[in-house]
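Here's final-v1.cif, which has mmCIF, C-alpha atoms:
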data_final
#
loop_
_atom_site.label_atom_id
_atom_site.label_comp_id
_atom_site.auth_asym_id
_atom_site.auth_seq_id
_atom_site.Cartn_x
_atom_site.Cartn_y
_atom_site.Cartn_z
CA MET M 1 -84.65 -48.85 -26.63
CA ARG M 2 -88.31 -49.80 -26.72
CA GLU M 3 -87.33 -53.47 -26.86
CA VAL M 4 -86.44 -53.28 -23.18
CA ALA M 5 -90.06 -52.49 -22.28
CA LYS M 6 -91.34 -55.76 -23.76
CA ASP M 7 -92.39 -58.69 -21.58
CA THR M 8 -92.34 -56.77 -18.31
CA GLY M 9 -96.03 -57.29 -17.62
CA LYS M 10 -96.51 -53.54 -17.29
CA SER M 11 -97.97 -50.87 -19.53
CA LYS M 12 -95.70 -50.52 -22.55
CA ALA M 13 -96.90 -46.97 -23.05
CA SER M 14 -95.89 -45.86 -19.56
CA LEU M 15 -92.56 -47.68 -19.73
CA ASN M 16 -91.78 -46.26 -23.15
CA ALA M 17 -92.56 -42.80 -21.81
CA LEU M 18 -90.05 -43.39 -19.00
CA LEU M 19 -87.40 -44.51 -21.48
CA ASP M 20 -88.13 -41.66 -23.87
CA ASN M 21 -87.52 -39.19 -21.04
CA ALA M 22 -84.30 -40.85 -19.90
CA LYS M 23 -81.20 -38.86 -20.74
CA LYS M 24 -77.78 -40.00 -21.87
CA GLN M 25 -75.25 -38.71 -19.34
CA GLN M 26 -71.70 -38.36 -20.64
CA ALA M 27 -70.44 -37.88 -17.08
CA ILE M 28 -71.64 -41.41 -16.27
CA LEU M 29 -69.65 -42.82 -19.19
CA ASP M 30 -66.63 -40.85 -18.00
CA ALA M 31 -67.01 -42.10 -14.41
CA ILE M 32 -67.34 -45.78 -15.28
CA SER M 33 -64.14 -45.56 -17.30
CA ARG M 34 -62.07 -44.53 -14.26
CA PRO M 35 -63.21 -46.59 -11.24
CA ALA M 36 -61.32 -46.42 -7.95
CA GLU M 37 -60.42 -50.08 -8.47
CA GLY M 38 -58.01 -48.95 -11.19
CA LYS M 39 -55.67 -47.66 -8.46
CA PRO M 40 -53.00 -49.84 -6.80
CA TRP M 41 -53.71 -51.08 -3.27
CA ARG M 42 -51.28 -48.57 -1.76
CA ASP M 43 -53.52 -45.77 -3.10
CA TYR M 44 -56.87 -47.56 -2.83
CA ARG M 45 -56.64 -48.51 0.85
CA PRO M 46 -56.28 -44.92 2.17
CA ILE M 47 -59.58 -43.99 0.53
CA PHE M 48 -61.52 -46.33 2.81
CA LEU M 49 -59.33 -46.97 5.86
CA THR M 50 -59.45 -43.43 7.22
CA GLU M 51 -59.84 -42.40 10.84
CA GLN M 52 -63.04 -40.61 9.89
CA ARG M 53 -64.58 -43.69 8.28
CA ILE M 54 -63.51 -46.00 11.13
CA ALA M 55 -64.83 -43.65 13.82
CA ALA M 56 -68.09 -43.10 11.96
CA GLY M 57 -68.44 -46.85 11.49
CA ALA M 58 -67.95 -47.54 15.18
CA ALA M 59 -70.54 -44.87 16.05
CA PHE M 60 -72.94 -46.28 13.46
CA TYR M 61 -72.52 -49.77 14.90
CA GLU M 62 -73.22 -48.48 18.42
CA GLU M 63 -76.33 -46.65 17.21
CA HIS M 64 -77.78 -49.76 15.58
CA ARG M 65 -76.11 -52.43 17.70
CA ALA M 66 -79.20 -54.34 18.81
CA LEU M 67 -80.58 -54.58 15.28
CA LEU M 68 -77.20 -55.43 13.73
CA ASP M 69 -76.36 -58.06 16.33
CA GLY M 70 -79.77 -59.68 15.89
CA ILE M 71 -79.39 -59.84 12.12
CA GLY M 72 -75.81 -61.07 12.55
CA ARG M 73 -77.01 -63.95 14.72
CA LYS M 74 -79.85 -64.84 12.35
CA TYR M 75 -77.74 -64.91 9.18
CA GLY M 76 -74.34 -65.83 10.60
CA VAL M 77 -72.70 -62.72 9.16
CA PRO M 78 -70.71 -60.68 11.70
CA PRO M 79 -72.38 -57.28 12.02
CA GLU M 80 -69.13 -55.40 11.49
CA TYR M 81 -69.04 -56.71 7.91
CA ILE M 82 -72.55 -55.40 7.28
CA VAL M 83 -71.45 -52.03 8.68
CA ALA M 84 -68.28 -52.09 6.57
CA ILE M 85 -70.24 -52.68 3.36
CA VAL M 86 -72.44 -49.67 4.14
CA GLY M 87 -69.34 -47.71 5.08
CA VAL M 88 -67.44 -48.44 1.89
CA GLU M 89 -70.44 -48.12 -0.41
CA THR M 90 -72.14 -44.98 0.90
CA PHE M 91 -70.28 -43.71 4.00
CA TYR M 92 -73.09 -45.03 6.22
CA GLY M 93 -75.87 -43.66 4.04
CA LYS M 94 -74.45 -40.17 3.54
CA ASN M 95 -73.67 -40.66 -0.16
CA THR M 96 -76.14 -42.97 -1.90
CA GLY M 97 -75.63 -41.37 -5.31
CA LYS M 98 -76.89 -38.34 -7.20
CA TRP M 99 -77.74 -39.87 -10.57
CA LYS M 100 -81.24 -40.70 -11.70
CA VAL M 101 -81.24 -44.49 -11.86
CA ILE M 102 -83.22 -44.53 -15.10
CA ASP M 103 -80.64 -42.22 -16.72
CA ALA M 104 -77.69 -44.26 -15.43
CA LEU M 105 -79.02 -47.60 -16.62
CA THR M 106 -80.22 -46.24 -19.95
CA THR M 107 -76.87 -44.56 -20.60
CA LEU M 108 -74.91 -47.73 -19.84
CA ALA M 109 -77.36 -50.06 -21.56
CA PHE M 110 -77.19 -48.25 -24.88
CA TYR M 111 -73.96 -46.23 -24.90
CA TYR M 112 -71.46 -48.48 -23.10
CA PRO M 113 -70.90 -51.45 -25.43
CA LYS M 114 -68.37 -53.11 -23.12
CA ARG M 115 -71.10 -54.11 -20.65
CA ALA M 116 -74.28 -53.24 -22.51
CA PRO M 117 -75.95 -56.68 -22.09
CA PHE M 118 -75.56 -56.54 -18.32
CA PHE M 119 -76.98 -53.03 -18.04
CA ARG M 120 -79.84 -53.76 -20.44
CA GLU M 121 -80.82 -56.65 -18.18
CA GLN M 122 -80.61 -54.37 -15.14
CA LEU M 123 -82.75 -51.75 -16.88
CA LYS M 124 -85.35 -54.36 -17.78
CA THR M 125 -85.32 -55.65 -14.21
CA LEU M 126 -85.79 -52.12 -12.85
CA LEU M 127 -88.86 -51.70 -15.04
CA GLU M 128 -90.20 -55.10 -13.92
CA LEU M 129 -89.81 -54.57 -10.17
CA PRO M 130 -93.04 -54.07 -8.25
CA SER M 131 -93.46 -50.68 -6.62
CA ASN M 132 -93.06 -52.15 -3.12
CA HIS M 133 -89.48 -53.10 -4.01
CA LEU M 134 -88.52 -49.52 -4.84
CA GLY M 135 -88.07 -46.34 -2.85
CA GLY M 136 -90.50 -44.38 -5.02
CA PRO M 137 -91.59 -43.93 -8.64
CA VAL M 138 -88.95 -45.13 -11.10
CA ASP M 139 -88.33 -41.67 -12.53
CA THR M 140 -87.54 -40.28 -9.05
CA LEU M 141 -85.00 -42.91 -7.96
CA THR M 142 -81.39 -41.82 -7.53
CA GLY M 143 -78.26 -43.85 -7.09
CA SER M 144 -74.72 -44.44 -8.30
CA TYR M 145 -73.46 -43.84 -11.81
CA ALA M 146 -73.91 -47.61 -12.36
CA GLY M 147 -77.55 -47.57 -11.26
CA ALA M 148 -77.09 -49.04 -7.78
CA GLN M 149 -79.52 -47.88 -5.10
CA GLY M 150 -79.77 -47.47 -1.37
CA TRP M 151 -77.34 -47.64 1.53
CA GLY M 152 -75.97 -50.98 0.37
CA GLN M 153 -75.96 -50.02 -3.33
CA PHE M 154 -78.04 -52.88 -4.70
CA MET M 155 -78.53 -53.23 -8.43
CA PRO M 156 -82.12 -53.97 -9.55
CA SER M 157 -81.48 -57.71 -9.89
CA SER M 158 -79.99 -57.79 -6.38
CA ILE M 159 -83.09 -56.09 -4.97
CA ARG M 160 -85.22 -58.67 -6.80
CA ASP M 161 -83.19 -61.71 -5.79
CA TRP M 162 -81.81 -60.92 -2.32
CA GLY M 163 -83.72 -57.95 -0.93
CA VAL M 164 -85.40 -58.66 2.42
CA ASP M 165 -88.48 -57.12 4.01
CA TYR M 166 -87.04 -57.52 7.49
CA ASP M 167 -89.47 -55.20 9.24
CA HIS M 168 -92.48 -56.92 7.62
CA ASP M 169 -94.11 -53.72 6.41
CA GLY M 170 -94.79 -55.12 2.93
CA ARG M 171 -91.93 -53.20 1.29
CA ILE M 172 -88.25 -53.71 0.57
CA ASP M 173 -86.89 -50.29 1.45
CA MET M 174 -83.17 -50.00 0.73
CA LYS M 175 -83.01 -46.36 1.86
CA GLY M 176 -85.43 -45.91 4.73
CA SER M 177 -85.47 -49.20 6.68
CA MET M 178 -82.34 -50.13 8.58
CA GLY M 179 -83.64 -53.65 9.05
CA ASP M 180 -84.23 -54.12 5.33
CA ILE M 181 -80.82 -52.64 4.48
CA PHE M 182 -78.84 -54.75 6.94
CA ALA M 183 -80.76 -57.98 6.37
CA SER M 184 -80.53 -57.62 2.59
CA ILE M 185 -76.74 -57.32 2.77
CA ALA M 186 -76.53 -60.30 5.13
CA ASN M 187 -78.89 -62.33 2.95
CA TYR M 188 -76.82 -61.49 -0.13
CA PHE M 189 -73.72 -62.83 1.62
CA VAL M 190 -75.44 -66.02 2.77
CA GLU M 191 -76.94 -66.72 -0.65
CA HIS M 192 -73.48 -66.34 -2.21
CA GLY M 193 -71.95 -68.88 0.15
CA TRP M 194 -70.90 -67.06 3.32
CA GLU M 195 -69.43 -69.54 5.80
CA ARG M 196 -70.67 -68.90 9.33
CA GLY M 197 -67.64 -68.51 11.57
CA GLY M 198 -65.23 -68.81 8.67
CA PRO M 199 -62.11 -66.68 8.14
CA VAL M 200 -61.81 -63.97 5.51
CA ALA M 201 -58.10 -63.32 4.97
CA ALA M 202 -54.74 -63.85 6.66
CA ARG M 203 -51.31 -62.48 5.82
CA ALA M 204 -48.81 -64.74 4.04
CA GLN M 205 -45.05 -64.30 4.22
CA PRO M 206 -43.17 -65.39 1.08
CA ASP M 207 -39.68 -66.75 1.13
CA THR M 208 -37.04 -65.44 -1.26
CA ARG M 209 -37.53 -68.12 -3.91
CA VAL M 210 -41.18 -67.58 -4.72
CA ARG M 211 -42.61 -65.83 -7.74
CA ALA M 212 -45.81 -63.81 -7.80
CA PRO M 213 -48.86 -66.00 -8.36
CA ASP M 214 -50.89 -65.71 -11.52
CA VAL M 215 -54.06 -63.63 -11.29
CA PRO M 216 -56.99 -66.09 -11.24
CA LYS M 217 -60.24 -65.58 -13.10
CA ASP M 218 -62.02 -65.21 -9.76
CA TRP M 219 -61.16 -65.41 -6.07
CA ARG M 220 -62.66 -68.76 -5.12
CA PRO M 221 -60.48 -70.88 -2.83
CA VAL M 222 -58.62 -73.37 -5.02
CA ALA M 223 -56.18 -75.35 -2.85
CA PRO M 224 -55.42 -76.07 0.81
CA VAL M 225 -53.22 -73.68 2.74
CA GLU M 226 -50.54 -76.35 3.03
CA SER M 227 -50.07 -76.39 -0.75
CA PHE M 228 -49.25 -72.68 -0.73
CA VAL M 229 -46.92 -73.25 2.21
CA ALA M 230 -45.13 -75.87 0.14
CA ASP M 231 -44.72 -73.23 -2.58
CA GLY M 232 -42.97 -70.90 -0.12
CA PHE M 233 -45.80 -68.84 1.42
CA ALA M 234 -45.88 -69.13 5.20
CA PRO M 235 -48.86 -67.96 7.29
CA VAL M 236 -48.06 -65.36 9.93
CA GLN M 237 -50.79 -66.75 12.20
CA HIS M 238 -52.08 -70.22 12.86
CA LEU M 239 -54.26 -71.52 10.03
CA ASN M 240 -55.85 -74.88 9.40
CA PRO M 241 -53.42 -76.34 6.84
CA GLY M 242 -56.23 -78.26 5.17
CA ARG M 243 -58.56 -75.28 4.66
CA ASP M 244 -58.97 -74.30 1.04
CA ALA M 245 -57.59 -70.88 0.20
CA GLN M 246 -56.60 -68.57 -2.61
CA LEU M 247 -53.44 -66.46 -2.71
CA VAL M 248 -53.82 -62.74 -3.38
CA ARG M 249 -51.00 -60.32 -4.16
CA LEU M 250 -51.59 -56.62 -3.50
CA ASP M 251 -49.32 -53.70 -4.36
CA GLY M 252 -48.78 -52.27 -0.89
CA PRO M 253 -46.95 -49.13 0.28
CA SER M 254 -43.83 -51.17 1.13
CA GLY M 255 -43.99 -53.52 -1.83
CA ASP M 256 -45.91 -56.70 -2.56
CA GLU M 257 -48.33 -57.97 0.08
CA TYR M 258 -49.45 -61.61 -0.02
CA TRP M 259 -52.64 -62.84 1.59
CA PHE M 260 -54.34 -66.16 2.08
CA THR M 261 -58.00 -65.54 1.29
CA PHE M 262 -60.92 -67.85 1.97
CA GLN M 263 -64.53 -68.51 1.03
CA ASN M 264 -65.83 -65.42 2.81
CA PHE M 265 -63.36 -63.20 0.96
CA TYR M 266 -64.63 -64.68 -2.29
CA VAL M 267 -68.21 -63.87 -1.21
CA ILE M 268 -67.27 -60.21 -0.71
CA THR M 269 -65.81 -60.16 -4.24
CA THR M 270 -69.22 -61.15 -5.61
CA TYR M 271 -70.41 -57.77 -4.27
CA ASN M 272 -67.55 -56.07 -6.13
CA ARG M 273 -65.13 -58.19 -8.13
CA SER M 274 -61.99 -56.33 -7.06
CA PRO M 275 -59.85 -58.08 -4.42
CA MET M 276 -58.89 -54.60 -3.19
CA TYR M 277 -62.56 -53.88 -2.48
CA ALA M 278 -62.89 -57.11 -0.52
CA MET M 279 -59.73 -56.39 1.45
CA ALA M 280 -60.88 -52.85 2.22
CA VAL M 281 -64.21 -54.20 3.52
CA ASN M 282 -62.37 -56.81 5.58
CA GLN M 283 -59.93 -54.36 7.14
CA LEU M 284 -62.58 -51.72 7.78
CA ALA M 285 -64.76 -54.35 9.48
CA GLN M 286 -61.88 -55.39 11.73
CA ALA M 287 -61.12 -51.78 12.62
CA ILE M 288 -64.77 -51.09 13.42
CA ARG M 289 -65.04 -54.20 15.58
CA GLU M 290 -61.90 -53.24 17.50
CA ARG M 291 -63.05 -49.64 17.96
CA ALA M 292 -66.63 -50.46 18.92
CA GLY M 293 -65.79 -53.43 21.11
CA GLY M 294 -67.95 -55.72 19.03
CA PRO M 295 -68.31 -59.46 19.51
CA ALA M 296 -65.42 -61.71 18.56
CA PRO M 297 -65.33 -62.89 14.93
CA ARG M 298 -67.65 -65.83 14.29
#
Representation of the structure as C-alpha cells:
Amino acid sequence: MREVAKDTGKSKASLNALLDNAKKQQAILDAISRPAEGKPWRDYRPIFLTEQRIAAGAAFYEEHRALLDGIGRKYGVPPEYIVAIVGVETFYGKNTGKWKVIDALTTLAFYYPKRAPFFREQLKTLLELPSNHLGGPVDTLTGSYAGAQGWGQFMPSSIRDWGVDYDHDGRIDMKGSMGDIFASIANYFVEHGWERGGPVAARAQPDTRVRAPDVPKDWRPVAPVESFVADGFAPVQHLNPGRDAQLVRLDGPSGDEYWFTFQNFYVITTYNRSPMYAMAVNQLAQAIRERAGGPAPR
C-alpha cells in the first residue's frame, strides 16, 4: 500500500498516515459487483426516466438557465445534456455519495483484482492532486463507492485532466460551484470529441431478414448510415446517409430496440461505458429540454 505514496511530491509520512487509516469496506466490493448496468434496458430505463427526475431536471435547468446556456454556447454542448448528466449521476446534487473517497479507492485498489490497476492509479492521482482541486482535506472527501466525487461524479484523474475553474476563484470545486461543475462536464465532453450540433441517437427499424448486430468493443461510429440501411435497418427519421454511425441493440419492454448512434453518443459512453447509460442520458436530456422549453438541439 505504501508504494502508492511514492513519487507524489508530497510528504510520504502524511500520505502513509492517510493510507494506514483507510478502511477496507466490504459493502463497496458488494456494490461494484452488482451495478445498475447489469440490468436489461427495459429495467434500467425506468430508474432514470421517471416523472420525478424529469420534472426536477426541468426545474434545475430553469434555476440555472443563464449559467447553463452560457456554458452551452461556449463549449458547444447543449445545456440539457449537462443537466442530464447531473440528473443521472447524483439527482441534481442530492446524492453525491456517502463513502469516504480514500476508503473507496483503497478498497478497490487492493481488494478488487479485476480493476486494481485502474483504482491504484486513481488513488495515486487523488493523493497527488493539489488542495485547490479538492473539496476539502483528503480524509474528509465523500463520494460514490467507486471513488467519484461531486455533482458530476468525477474520478480523480478526470478532475486533474478536465476540471475547470469556471468562476476563476482559484479552485476547482466539484460540489460548491455550479460554474465549475457545469463547465467541467462540458469540457470533458469536448475533450472526448463532442461534435457541436451533431446528433446523438436515432431509432432504426429493422426488416424481417436482419440478425442482431455483434456487440462492438466500444461505441465509436464505424460505418455510414447507408451501409446499415443496406443491411436492413431503416431510419425512422431523416438522417444524412453518409454520416458515420454505430448500431445499438437494446432489450426494450416490447422486444429488441435498434438505434443508430453517433459520435456524441460515443462521447457519453466515455463517461460511463454502458450504452444504456448513454441512452438514458440522451432521453432524459430530450425530456428536460421539452419540459423546460429549452433551445433547439445544436
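Excluding Thr125 of chain M itself and any same-chain residue fewer than 4 positions from it, the protein and nucleic acid residues within 7 Å of it, counting all atoms listed in the file, are Glu121, Leu129, Pro156 and Ser157 of chain M.
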Hey, what comes out of the PyMOL selection byres ((chain M and resi 225) around 7) on this file? Could you write it as a ChimeraX atom specification?
/M:223-224,226-229,241-245
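Between Thr140 of chain M and the candidates M:Ile102, M:Ala202, M:Val86, M:Val236, the tightest atom-to-atom separation, counting only C-alpha atoms, involves M:Ile102.
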Who sits within 9 Å of segment 25-29 of chain M, all atoms listed in the file, same chain under 6 positions skipped, as a VMD selection string
chain M and resid 99 103 to 104 107 to 108 111 to 112 145 to 146
Within 12 Å of Arg45 of chain M, counting only C-alpha atoms, which residues qualify if same-chain residues fewer than 2 places away don't, as a list in words?
Ala36, Glu37, Lys39, Pro40, Trp41, Arg42, Asp43, Ile47, Phe48, Leu49, Thr50, Arg53, Val88, Leu250, Asp251, Gly252, Pro253, Pro275, Met276, Tyr277, Ala278, Met279, Ala280, Val281, Asn282, Gln283 and Leu284 of chain M
Can you write out as a Markdown table which residues of segment 61-164 of chain M fall within 6 Å of segment 171-194 of chain M, alongside each residue's closest atom pair and its distance in Å to one decimal, counting only C-alpha atoms and ordering rows by chain and ascending residue number?
| residue | atom | partner | partner_atom | distance |
| --- | --- | --- | --- | --- |
| M:Asn132 | CA | M:Arg171 | CA | 4.7 |
| M:His133 | CA | M:Ile172 | CA | 4.8 |
| M:Gly135 | CA | M:Asp173 | CA | 6.0 |
| M:Gly150 | CA | M:Lys175 | CA | 4.7 |
| M:Trp151 | CA | M:Lys175 | CA | 5.8 |
| M:Trp162 | CA | M:Tyr188 | CA | 5.5 |
| M:Gly163 | CA | M:Ser184 | CA | 4.8 |
| M:Val164 | CA | M:Ser184 | CA | 5.0 |
Around the point (-57.2, -65.5, -13.1) in the file's coordinates, collect all residues with an atom within 12 Å, using all atoms listed in the file, and return them as a PDB file with C-alpha atoms, in the frame of the given file.
ATOM      1  CA  PRO M 213     -48.860 -66.000  -8.360  1.00  0.00           C
ATOM      2  CA  ASP M 214     -50.890 -65.710 -11.520  1.00  0.00           C
ATOM      3  CA  VAL M 215     -54.060 -63.630 -11.290  1.00  0.00           C
ATOM      4  CA  PRO M 216     -56.990 -66.090 -11.240  1.00  0.00           C
ATOM      5  CA  LYS M 217     -60.240 -65.580 -13.100  1.00  0.00           C
ATOM      6  CA  ASP M 218     -62.020 -65.210  -9.760  1.00  0.00           C
ATOM      7  CA  TRP M 219     -61.160 -65.410  -6.070  1.00  0.00           C
ATOM      8  CA  ARG M 220     -62.660 -68.760  -5.120  1.00  0.00           C
ATOM      9  CA  VAL M 222     -58.620 -73.370  -5.020  1.00  0.00           C
ATOM     10  CA  GLN M 246     -56.600 -68.570  -2.610  1.00  0.00           C
ATOM     11  CA  LEU M 247     -53.440 -66.460  -2.710  1.00  0.00           C
ATOM     12  CA  VAL M 248     -53.820 -62.740  -3.380  1.00  0.00           C
ATOM     13  CA  ARG M 273     -65.130 -58.190  -8.130  1.00  0.00           C
ATOM     14  CA  SER M 274     -61.990 -56.330  -7.060  1.00  0.00           C
ATOM     15  CA  PRO M 275     -59.850 -58.080  -4.420  1.00  0.00           C
TER      16      PRO M 275
END
Find the spatial neighbours of Glu63 of chain M, counting all atoms listed in the file, within a cut-off of 12 Å - ignore same-chain residues fewer than 6 positions away - and output them as a ChimeraX atom specification.
/M:56-57,69,83,92,178,292
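With all atoms listed in the file as the atoms that count, the residue of M:Glu195, M:Asp207, M:Glu290, M:Glu80 with the shortest distance to Gln263 of chain M is M:Glu195.
Atom pair atom CA of Gly170 of chain M / atom CA of Asn21 of chain M has a distance of 29.7 Å (rounded to one decimal).
Proximity ranking of M:Asp30, M:Val138, M:Trp259, M:Gly38 relative to Leu18 of chain M places M:Val138 first, based on only C-alpha atoms.
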In Å to one decimal, how far is atom CA of Thr90 of chain M from atom CA of Ile159 of chain M?
16.7 Å
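Distance-wise, atom CA of Asn264 of chain M and atom CA of Val200 of chain M end up 5.1 Å apart.
Across M:Pro130, M:Pro199, M:Gly136, M:Gly152, the tightest approach to Gln286 of chain M is made by M:Pro199 when counting all atoms listed in the file.
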Axis-aligned box over every listed atom of segment 14-23 of chain M, padded by 3 Å per side: centre and edges in Å to one decimal, as AutoDock Vina command-line options?
--center_x -88.5 --center_y -43.3 --center_z -21.4 --size_x 20.7 --size_y 14.8 --size_z 10.9
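Among M:Gly293, M:Arg249, M:Lys100, M:Gly76, the residue with the shortest atom-to-atom distance to Ala212 of chain M, counting all atoms listed in the file, is M:Arg249.
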Point (-47.1, -65.9, 4.1), cut-off 8 Å, counting only C-alpha atoms, residues as a PyMOL selection string:
chain M and resi 203-206+229+232-236+258-260
Expected file for segment 126-137 of chain M keeping N, CA and C atoms, as a compact mmCIF listing (two decimals), in the first residue's frame:
# COMPACT_ATOMS: atom_id res chain seq x y z
N LEU M 126 -5.43 10.88 -6.65
CA LEU M 126 -6.07 11.59 -5.55
C LEU M 126 -5.03 12.17 -4.61
N LEU M 127 -4.04 11.38 -4.27
CA LEU M 127 -3.00 11.84 -3.34
C LEU M 127 -2.13 12.93 -3.96
N GLU M 128 -2.02 12.95 -5.28
CA GLU M 128 -1.20 13.94 -5.97
C GLU M 128 -1.92 15.27 -6.17
N LEU M 129 -3.25 15.26 -6.19
CA LEU M 129 -3.98 16.48 -6.55
C LEU M 129 -3.70 17.60 -5.55
N PRO M 130 -3.50 18.81 -6.06
CA PRO M 130 -3.33 19.95 -5.15
C PRO M 130 -4.63 20.23 -4.40
N SER M 131 -4.51 20.85 -3.26
CA SER M 131 -5.68 21.06 -2.40
C SER M 131 -6.75 21.91 -3.08
N ASN M 132 -6.35 22.78 -4.01
CA ASN M 132 -7.35 23.64 -4.67
C ASN M 132 -8.13 22.91 -5.76
N HIS M 133 -7.85 21.60 -5.93
CA HIS M 133 -8.63 20.78 -6.84
C HIS M 133 -9.60 19.87 -6.08
N LEU M 134 -9.64 20.00 -4.78
CA LEU M 134 -10.46 19.11 -3.95
C LEU M 134 -11.40 19.93 -3.08
N GLY M 135 -12.47 19.28 -2.65
CA GLY M 135 -13.47 19.97 -1.85
C GLY M 135 -13.17 20.01 -0.37
N GLY M 136 -11.95 19.65 0.03
CA GLY M 136 -11.55 19.64 1.42
C GLY M 136 -10.38 18.71 1.61
N PRO M 137 -9.95 18.50 2.85
CA PRO M 137 -8.88 17.54 3.12
C PRO M 137 -9.24 16.15 2.60
